[in-house]
Amino acid sequence: MAAERGWVLDCRMRWTHNIASFANWTGDGIIANPGTSKRLLPLIDLLNRSSAPIVGLQHFGDYHSAARVVVDHVAIGKLAAEHFLSLGFRQLAFVMFEDNQIERARCNGFGETALAAGAHFHKLQFAQLKQELATLPQPVALLAMNDINALEVTRVCLDAGLRIPEEVAVLGVDDTRVVCDMAEVPLSSIDCNHERQGYEAATLLHRLMEGEEGPPEMIRIPPAGVTSRKSTDTIAVPDLAAMHALRLIRDAFRQPLRIADIARQVGVSARRLQSSFRENFGFTMIHELTRVRVEHACQLLVDEDLKLDAVALESGFSSRFHFIRAFQRIVGISPSAYRKQMQDSESGPA
């Protein structure tokens, strides 16, 4: 957006936190992420006294802004729980470090989704993590507020002799590649969609600088998805038939699969398999097959310049009609709207 509009960006505060550099600043608009730490209170005071339009990136914090474009922390927790549930975990835990507002929001979304699916939810304290893990049934799935915290969690688990991901699966947030890829156990993580957040914030700031009114409520940006790595690369169910069925669905979703076909390959009756699958994973085989197909379609819509008919076929749907209906039900928008949204987001920071 900045390049599109020919803006001059002053990013000094992002790196220096030098309040003096902002005191006599005479720019036209501000995108602010002041946080909630006490050492930034002078910055918040300057923001509150500024006459320039402000778009805030921070959900929490006592600063004035015409509008806020924020990461949806509850949705992040929800997505994390759904990821673990899709792998068969029934014991889910959030590891608390600071007990701040962001951590509580992500924990709430995580716990509510786990409990709604009939799983067990635990809130653990990092300071007592080793002792608390010893009391929990295995396998257990752990979520931390961010990638750095998740690395601390993996270190405690490994020091306790626990195998990752077979006994304990660990998920972080932010998808910081250098942190996740180079970890002792490569770390699965949630992509918060910061690029889209930045683009939406800049778009809104442009409107404000043109004299438009800000929206009445903050704009929440949903997470982009889970980047899976070794720390969650497992299926945590004791039932071999259900586990085999899940692997078949994820490996062969492009084929015209039917429940009877899967049951025949697994070697059990369709009725027994459907019951076992739902009991172990908390959702039906049809739900998982559709979810995997839509997830693949999302990737094709972003990475390939295919028509919707081709995307539907490549993703395993029998027709364009069934594809669009399933996509809208799961994603909330049409495939065409999703493609445009993602293209706009990716072109923004360029």
# chains A, B, ... in the order shown; residues from 1 in each chain; ligands from 1

call {"tool": "residues_around", "arguments": {"residues": "stretch 307-321 of chain A", "least_positions_apart": "4", "cutoff": "8 Å", "atoms": "only C-alpha atoms", "output": "ChimeraX atom specification"}}
result
/A:253-256,293-294,296-297,300-301,325,335

call {"tool": "residues_around", "arguments": {"residues": "A:Asp344", "least_positions_apart": "6", "cutoff": "12 Å", "atoms": "only C-alpha atoms", "output": "MDAnalysis selection string"}}
result
chainID A and resid 1 4 195:200 203 302 337:338 350

call {"tool": "closest_residue", "arguments": {"among": "A:Ile30, A:Val170, A:Ile76, A:Val140", "to": "A:Glu103", "atoms": "only C-alpha atoms"}}
result
A:Ile76

call {"tool": "residues_around", "arguments": {"residues": "A:Ala242", "least_positions_apart": "5", "cutoff": "10 Å", "atoms": "only C-alpha atoms", "output": "list of chain:residue names"}}
result
A:Gly88, A:Ile235, A:Val237, A:Arg247, A:Leu248, A:Ala263, A:Val266, A:Arg272, A:Leu273, A:Gln274, A:Ser275, A:Ser276, A:Phe277, A:Arg278, A:Glu279, A:Asn280, A:Phe281, A:Met285

call {"tool": "atom_distance", "arguments": {"atom1": "atom CA of A:Ala81", "atom2": "atom CA of A:Thr227"}}
result
14.1 Å

call {"tool": "residues_around", "arguments": {"residues": "stretch 121-129 of chain A", "least_positions_apart": "4", "cutoff": "6 Å", "atoms": "only C-alpha atoms", "output": "MDAnalysis selection string"}}
result
chainID A and resid 92:97 111 133

call {"tool": "closest_residue", "arguments": {"among": "A:Gly161, A:Pro34, A:Pro53, A:Gly27", "to": "A:Glu212", "atoms": "only C-alpha atoms"}}
result
A:Pro53

call {"tool": "select_by_dssp", "arguments": {"residues": "stretch 249-342 of chain A", "states": "alpha helix (DSSP H)", "output": "PyMOL selection string"}}
result
chain A and resi 249-251+259-266+270-281+285-303+308-314+320-331+335-342

call {"tool": "write_last_selection", "arguments": {"atoms": "C-alpha atoms", "output": "PDB file, in the first residue's frame"}}
result
ATOM      1  CA  ILE A 249      -8.500 -39.280   3.624  1.00  0.00           C
ATOM      2  CA  ARG A 250      -5.469 -36.998   3.794  1.00  0.00           C
ATOM      3  CA  ASP A 251      -3.476 -38.951   1.209  1.00  0.00           C
ATOM      4  CA  ILE A 259     -17.163 -43.924   3.034  1.00  0.00           C
ATOM      5  CA  ALA A 260     -17.688 -47.465   1.704  1.00  0.00           C
ATOM      6  CA  ASP A 261     -14.415 -47.256  -0.284  1.00  0.00           C
ATOM      7  CA  ILE A 262     -12.454 -46.165   2.800  1.00  0.00           C
ATOM      8  CA  ALA A 263     -14.046 -48.846   4.979  1.00  0.00           C
ATOM      9  CA  ARG A 264     -13.211 -51.515   2.401  1.00  0.00           C
ATOM     10  CA  GLN A 265      -9.559 -50.453   2.351  1.00  0.00           C
ATOM     11  CA  VAL A 266      -9.383 -50.304   6.147  1.00  0.00           C
ATOM     12  CA  ALA A 270     -18.636 -48.629   7.107  1.00  0.00           C
ATOM     13  CA  ARG A 271     -20.924 -48.318  10.130  1.00  0.00           C
ATOM     14  CA  ARG A 272     -18.267 -49.397  12.597  1.00  0.00           C
ATOM     15  CA  LEU A 273     -15.636 -47.175  10.968  1.00  0.00           C
ATOM     16  CA  GLN A 274     -17.850 -44.081  11.052  1.00  0.00           C
ATOM     17  CA  SER A 275     -18.639 -44.653  14.726  1.00  0.00           C
ATOM     18  CA  SER A 276     -14.996 -45.271  15.626  1.00  0.00           C
ATOM     19  CA  PHE A 277     -13.798 -42.276  13.634  1.00  0.00           C
ATOM     20  CA  ARG A 278     -16.210 -39.878  15.314  1.00  0.00           C
ATOM     21  CA  GLU A 279     -15.467 -41.292  18.757  1.00  0.00           C
ATOM     22  CA  ASN A 280     -11.712 -40.878  18.312  1.00  0.00           C
ATOM     23  CA  PHE A 281     -11.563 -37.538  16.477  1.00  0.00           C
ATOM     24  CA  MET A 285     -15.236 -38.641   8.087  1.00  0.00           C
ATOM     25  CA  ILE A 286     -17.245 -36.486   5.675  1.00  0.00           C
ATOM     26  CA  HIS A 287     -16.366 -33.390   7.701  1.00  0.00           C
ATOM     27  CA  GLU A 288     -12.648 -34.201   7.546  1.00  0.00           C
ATOM     28  CA  LEU A 289     -12.701 -35.102   3.851  1.00  0.00           C
ATOM     29  CA  THR A 290     -14.419 -31.806   3.016  1.00  0.00           C
ATOM     30  CA  ARG A 291     -12.072 -29.829   5.279  1.00  0.00           C
ATOM     31  CA  VAL A 292      -8.948 -31.303   3.669  1.00  0.00           C
ATOM     32  CA  ARG A 293     -10.309 -30.650   0.184  1.00  0.00           C
ATOM     33  CA  VAL A 294     -11.139 -27.029   1.016  1.00  0.00           C
ATOM     34  CA  GLU A 295      -7.721 -26.544   2.634  1.00  0.00           C
ATOM     35  CA  HIS A 296      -6.057 -27.785  -0.574  1.00  0.00           C
ATOM     36  CA  ALA A 297      -8.312 -25.553  -2.657  1.00  0.00           C
ATOM     37  CA  CYS A 298      -7.234 -22.533  -0.607  1.00  0.00           C
ATOM     38  CA  GLN A 299      -3.625 -23.278  -1.497  1.00  0.00           C
ATOM     39  CA  LEU A 300      -4.433 -23.668  -5.192  1.00  0.00           C
ATOM     40  CA  LEU A 301      -6.364 -20.396  -5.237  1.00  0.00           C
ATOM     41  CA  VAL A 302      -3.296 -18.589  -3.928  1.00  0.00           C
ATOM     42  CA  ASP A 303      -0.505 -20.436  -5.741  1.00  0.00           C
ATOM     43  CA  LEU A 308     -12.698 -22.585 -10.354  1.00  0.00           C
ATOM     44  CA  ASP A 309     -13.726 -25.713 -12.284  1.00  0.00           C
ATOM     45  CA  ALA A 310     -10.097 -26.859 -12.315  1.00  0.00           C
ATOM     46  CA  VAL A 311      -9.596 -25.997  -8.629  1.00  0.00           C
ATOM     47  CA  ALA A 312     -12.683 -28.043  -7.774  1.00  0.00           C
ATOM     48  CA  LEU A 313     -11.473 -31.035  -9.781  1.00  0.00           C
ATOM     49  CA  GLU A 314      -7.894 -30.847  -8.421  1.00  0.00           C
ATOM     50  CA  ARG A 320     -17.956 -26.582  -9.216  1.00  0.00           C
ATOM     51  CA  PHE A 321     -21.325 -26.212  -7.454  1.00  0.00           C
ATOM     52  CA  HIS A 322     -20.425 -28.594  -4.617  1.00  0.00           C
ATOM     53  CA  PHE A 323     -16.996 -26.968  -4.296  1.00  0.00           C
ATOM     54  CA  ILE A 324     -18.353 -23.428  -3.959  1.00  0.00           C
ATOM     55  CA  ARG A 325     -21.017 -24.474  -1.468  1.00  0.00           C
ATOM     56  CA  ALA A 326     -18.529 -26.367   0.733  1.00  0.00           C
ATOM     57  CA  PHE A 327     -15.954 -23.572   0.487  1.00  0.00           C
ATOM     58  CA  GLN A 328     -18.420 -20.890   1.578  1.00  0.00           C
ATOM     59  CA  ARG A 329     -19.623 -23.031   4.472  1.00  0.00           C
ATOM     60  CA  ILE A 330     -16.110 -23.609   5.841  1.00  0.00           C
ATOM     61  CA  VAL A 331     -14.233 -20.411   4.903  1.00  0.00           C
ATOM     62  CA  PRO A 335     -13.536 -18.982  -3.592  1.00  0.00           C
ATOM     63  CA  SER A 336     -13.306 -15.928  -5.882  1.00  0.00           C
ATOM     64  CA  ALA A 337     -13.528 -13.518  -2.938  1.00  0.00           C
ATOM     65  CA  TYR A 338     -10.897 -15.541  -1.068  1.00  0.00           C
ATOM     66  CA  ARG A 339      -8.511 -15.421  -4.033  1.00  0.00           C
ATOM     67  CA  LYS A 340      -8.926 -11.657  -4.405  1.00  0.00           C
ATOM     68  CA  GLN A 341      -8.506 -11.134  -0.677  1.00  0.00           C
ATOM     69  CA  MET A 342      -5.263 -13.101  -0.600  1.00  0.00           C
TER      70      MET A 342
END

call {"tool": "closest_residue", "arguments": {"among": "A:Leu136, A:Ile333, A:Ile102, A:Leu171", "to": "A:Ile148", "atoms": "only C-alpha atoms"}}
result
A:Leu171

call {"tool": "select_by_dssp", "arguments": {"residues": "stretch 12-153 of chain A", "states": "strand (DSSP E or B)", "output": "ChimeraX atom specification"}}
result
/A:30-32,54-56,67-71,91-96,120-125,140-144

call {"tool": "write_last_selection", "arguments": {"atoms": "N, CA and C atoms", "output": "compact mmCIF listing (two decimals), in the first residue's frame"}}
result
# COMPACT_ATOMS: atom_id res chain seq x y z
N ILE A 30 -0.57 7.82 11.16
CA ILE A 30 0.21 6.93 12.01
C ILE A 30 -0.43 5.55 12.04
N ILE A 31 0.40 4.51 11.87
CA ILE A 31 0.00 3.14 12.18
C ILE A 31 0.77 2.77 13.44
N ALA A 32 0.04 2.48 14.52
CA ALA A 32 0.66 2.34 15.83
C ALA A 32 0.44 0.95 16.41
N ILE A 54 -4.89 8.01 13.30
CA ILE A 54 -4.14 6.86 13.79
C ILE A 54 -4.94 5.59 13.56
N VAL A 55 -4.28 4.57 13.03
CA VAL A 55 -4.83 3.21 12.97
C VAL A 55 -3.99 2.35 13.90
N GLY A 56 -4.63 1.73 14.86
CA GLY A 56 -3.92 0.90 15.82
C GLY A 56 -3.88 -0.55 15.41
N ALA A 67 -9.35 3.99 14.43
CA ALA A 67 -9.76 2.63 14.11
C ALA A 67 -8.63 1.67 14.50
N ARG A 68 -8.98 0.41 14.66
CA ARG A 68 -7.98 -0.60 14.97
C ARG A 68 -8.16 -1.80 14.03
N VAL A 69 -7.04 -2.29 13.53
CA VAL A 69 -7.01 -3.50 12.71
C VAL A 69 -6.15 -4.49 13.47
N VAL A 70 -6.78 -5.50 14.05
CA VAL A 70 -6.10 -6.32 15.04
C VAL A 70 -6.11 -7.80 14.66
N VAL A 71 -5.11 -8.50 15.16
CA VAL A 71 -5.07 -9.95 15.06
C VAL A 71 -6.20 -10.51 15.92
N GLN A 91 -6.55 -34.61 24.91
CA GLN A 91 -6.00 -33.88 26.06
C GLN A 91 -5.28 -32.65 25.52
N LEU A 92 -5.84 -31.47 25.74
CA LEU A 92 -5.28 -30.22 25.23
C LEU A 92 -4.97 -29.29 26.39
N ALA A 93 -3.83 -28.62 26.32
CA ALA A 93 -3.43 -27.72 27.41
C ALA A 93 -2.80 -26.45 26.87
N PHE A 94 -3.08 -25.34 27.53
CA PHE A 94 -2.45 -24.06 27.21
C PHE A 94 -1.43 -23.75 28.30
N VAL A 95 -0.22 -23.39 27.91
CA VAL A 95 0.85 -23.10 28.87
C VAL A 95 0.92 -21.59 29.06
N MET A 96 0.62 -21.14 30.28
CA MET A 96 0.61 -19.71 30.61
C MET A 96 2.00 -19.26 31.04
N HIS A 120 -10.63 -32.79 26.72
CA HIS A 120 -10.26 -32.30 28.04
C HIS A 120 -9.32 -31.10 27.87
N PHE A 121 -9.55 -30.06 28.66
CA PHE A 121 -8.74 -28.85 28.57
C PHE A 121 -8.08 -28.56 29.91
N HIS A 122 -6.79 -28.20 29.84
CA HIS A 122 -6.02 -27.88 31.04
C HIS A 122 -5.29 -26.56 30.84
N LYS A 123 -5.22 -25.77 31.89
CA LYS A 123 -4.43 -24.55 31.87
C LYS A 123 -3.22 -24.77 32.78
N LEU A 124 -2.04 -24.75 32.18
CA LEU A 124 -0.81 -25.05 32.90
C LEU A 124 0.02 -23.78 33.11
N GLN A 125 0.80 -23.76 34.17
CA GLN A 125 1.72 -22.66 34.44
C GLN A 125 3.12 -23.09 34.06
N VAL A 140 -0.58 -35.65 24.99
CA VAL A 140 -1.16 -34.35 25.30
C VAL A 140 -0.63 -33.32 24.31
N ALA A 141 -1.49 -32.35 23.98
CA ALA A 141 -1.13 -31.31 23.01
C ALA A 141 -1.03 -29.97 23.73
N LEU A 142 0.08 -29.27 23.53
CA LEU A 142 0.36 -28.02 24.24
C LEU A 142 0.41 -26.84 23.27
N LEU A 143 -0.26 -25.75 23.65
CA LEU A 143 -0.19 -24.49 22.92
C LEU A 143 0.44 -23.43 23.81
N ALA A 144 1.36 -22.65 23.23
CA ALA A 144 1.93 -21.49 23.92
C ALA A 144 1.56 -20.23 23.16

call {"tool": "closest_residue", "arguments": {"among": "A:His64, A:His83, A:Arg106, A:Arg177", "to": "A:Ala52", "atoms": "only C-alpha atoms"}}
result
A:His64

call {"tool": "closest_residue", "arguments": {"among": "A:Glu167, A:His59, A:Ser231, A:Gly211", "to": "A:Pro186", "atoms": "only C-alpha atoms"}}
result
A:Ser231

call {"tool": "closest_residue", "arguments": {"among": "A:Val226, A:Leu205, A:Ala20, A:Leu162", "to": "A:Ser188", "atoms": "only C-alpha atoms"}}
result
A:Val226

call {"tool": "atom_distance", "arguments": {"atom1": "atom CA of A:Ser86", "atom2": "atom CA of A:Thr113"}}
result
12.2 Å

call {"tool": "atom_distance", "arguments": {"atom1": "atom CA of A:Asn18", "atom2": "atom CA of A:Leu46"}}
result
11.9 Å

call {"tool": "decode", "arguments": {"residues": "stretch 77-98 of chain A", "atoms": "N, CA and C atoms", "output": "PDB file, in the first residue's frame"}}
result
ATOM      1  N   GLY A  77      -6.598 -19.100  18.989  1.00  0.00           N
ATOM      2  CA  GLY A  77      -6.777 -20.203  19.922  1.00  0.00           C
ATOM      3  C   GLY A  77      -7.701 -21.273  19.379  1.00  0.00           C
ATOM      4  N   LYS A  78      -8.761 -20.836  18.716  1.00  0.00           N
ATOM      5  CA  LYS A  78      -9.715 -21.776  18.123  1.00  0.00           C
ATOM      6  C   LYS A  78      -9.040 -22.632  17.056  1.00  0.00           C
ATOM      7  N   LEU A  79      -8.262 -22.000  16.170  1.00  0.00           N
ATOM      8  CA  LEU A  79      -7.572 -22.735  15.103  1.00  0.00           C
ATOM      9  C   LEU A  79      -6.588 -23.738  15.694  1.00  0.00           C
ATOM     10  N   ALA A  80      -5.881 -23.348  16.752  1.00  0.00           N
ATOM     11  CA  ALA A  80      -4.927 -24.266  17.394  1.00  0.00           C
ATOM     12  C   ALA A  80      -5.636 -25.503  17.919  1.00  0.00           C
ATOM     13  N   ALA A  81      -6.771 -25.303  18.581  1.00  0.00           N
ATOM     14  CA  ALA A  81      -7.521 -26.440  19.100  1.00  0.00           C
ATOM     15  C   ALA A  81      -8.019 -27.329  17.965  1.00  0.00           C
ATOM     16  N   GLU A  82      -8.518 -26.714  16.900  1.00  0.00           N
ATOM     17  CA  GLU A  82      -9.004 -27.496  15.758  1.00  0.00           C
ATOM     18  C   GLU A  82      -7.876 -28.314  15.138  1.00  0.00           C
ATOM     19  N   HIS A  83      -6.680 -27.739  15.092  1.00  0.00           N
ATOM     20  CA  HIS A  83      -5.524 -28.464  14.551  1.00  0.00           C
ATOM     21  C   HIS A  83      -5.230 -29.710  15.391  1.00  0.00           C
ATOM     22  N   PHE A  84      -5.181 -29.540  16.691  1.00  0.00           N
ATOM     23  CA  PHE A  84      -4.907 -30.682  17.570  1.00  0.00           C
ATOM     24  C   PHE A  84      -6.037 -31.709  17.523  1.00  0.00           C
ATOM     25  N   LEU A  85      -7.284 -31.239  17.499  1.00  0.00           N
ATOM     26  CA  LEU A  85      -8.416 -32.167  17.434  1.00  0.00           C
ATOM     27  C   LEU A  85      -8.387 -32.974  16.142  1.00  0.00           C
ATOM     28  N   SER A  86      -7.967 -32.332  15.046  1.00  0.00           N
ATOM     29  CA  SER A  86      -7.899 -33.038  13.759  1.00  0.00           C
ATOM     30  C   SER A  86      -6.829 -34.117  13.763  1.00  0.00           C
ATOM     31  N   LEU A  87      -5.885 -34.034  14.691  1.00  0.00           N
ATOM     32  CA  LEU A  87      -4.840 -35.042  14.823  1.00  0.00           C
ATOM     33  C   LEU A  87      -5.224 -36.122  15.830  1.00  0.00           C
ATOM     34  N   GLY A  88      -6.402 -35.990  16.429  1.00  0.00           N
ATOM     35  CA  GLY A  88      -6.898 -37.003  17.347  1.00  0.00           C
ATOM     36  C   GLY A  88      -6.630 -36.743  18.808  1.00  0.00           C
ATOM     37  N   PHE A  89      -6.053 -35.607  19.165  1.00  0.00           N
ATOM     38  CA  PHE A  89      -5.763 -35.327  20.568  1.00  0.00           C
ATOM     39  C   PHE A  89      -7.056 -35.049  21.335  1.00  0.00           C
ATOM     40  N   ARG A  90      -7.146 -35.639  22.533  1.00  0.00           N
ATOM     41  CA  ARG A  90      -8.287 -35.397  23.408  1.00  0.00           C
ATOM     42  C   ARG A  90      -7.858 -34.725  24.708  1.00  0.00           C
ATOM     43  N   GLN A  91      -6.553 -34.608  24.913  1.00  0.00           N
ATOM     44  CA  GLN A  91      -6.004 -33.878  26.059  1.00  0.00           C
ATOM     45  C   GLN A  91      -5.285 -32.649  25.517  1.00  0.00           C
ATOM     46  N   LEU A  92      -5.844 -31.467  25.741  1.00  0.00           N
ATOM     47  CA  LEU A  92      -5.279 -30.222  25.229  1.00  0.00           C
ATOM     48  C   LEU A  92      -4.972 -29.286  26.389  1.00  0.00           C
ATOM     49  N   ALA A  93      -3.826 -28.616  26.324  1.00  0.00           N
ATOM     50  CA  ALA A  93      -3.429 -27.718  27.412  1.00  0.00           C
ATOM     51  C   ALA A  93      -2.795 -26.452  26.868  1.00  0.00           C
ATOM     52  N   PHE A  94      -3.081 -25.337  27.527  1.00  0.00           N
ATOM     53  CA  PHE A  94      -2.450 -24.058  27.211  1.00  0.00           C
ATOM     54  C   PHE A  94      -1.434 -23.754  28.302  1.00  0.00           C
ATOM     55  N   VAL A  95      -0.217 -23.395  27.906  1.00  0.00           N
ATOM     56  CA  VAL A  95       0.845 -23.103  28.873  1.00  0.00           C
ATOM     57  C   VAL A  95       0.923 -21.591  29.064  1.00  0.00           C
ATOM     58  N   MET A  96       0.615 -21.136  30.283  1.00  0.00           N
ATOM     59  CA  MET A  96       0.606 -19.709  30.614  1.00  0.00           C
ATOM     60  C   MET A  96       2.003 -19.263  31.043  1.00  0.00           C
ATOM     61  N   PHE A  97       2.436 -18.126  30.502  1.00  0.00           N
ATOM     62  CA  PHE A  97       3.717 -17.529  30.888  1.00  0.00           C
ATOM     63  C   PHE A  97       3.516 -16.217  31.646  1.00  0.00           C
ATOM     64  N   GLU A  98       2.764 -15.290  31.035  1.00  0.00           N
ATOM     65  CA  GLU A  98       2.660 -13.931  31.580  1.00  0.00           C
ATOM     66  C   GLU A  98       1.267 -13.588  32.087  1.00  0.00           C
TER      67      GLU A  98
END
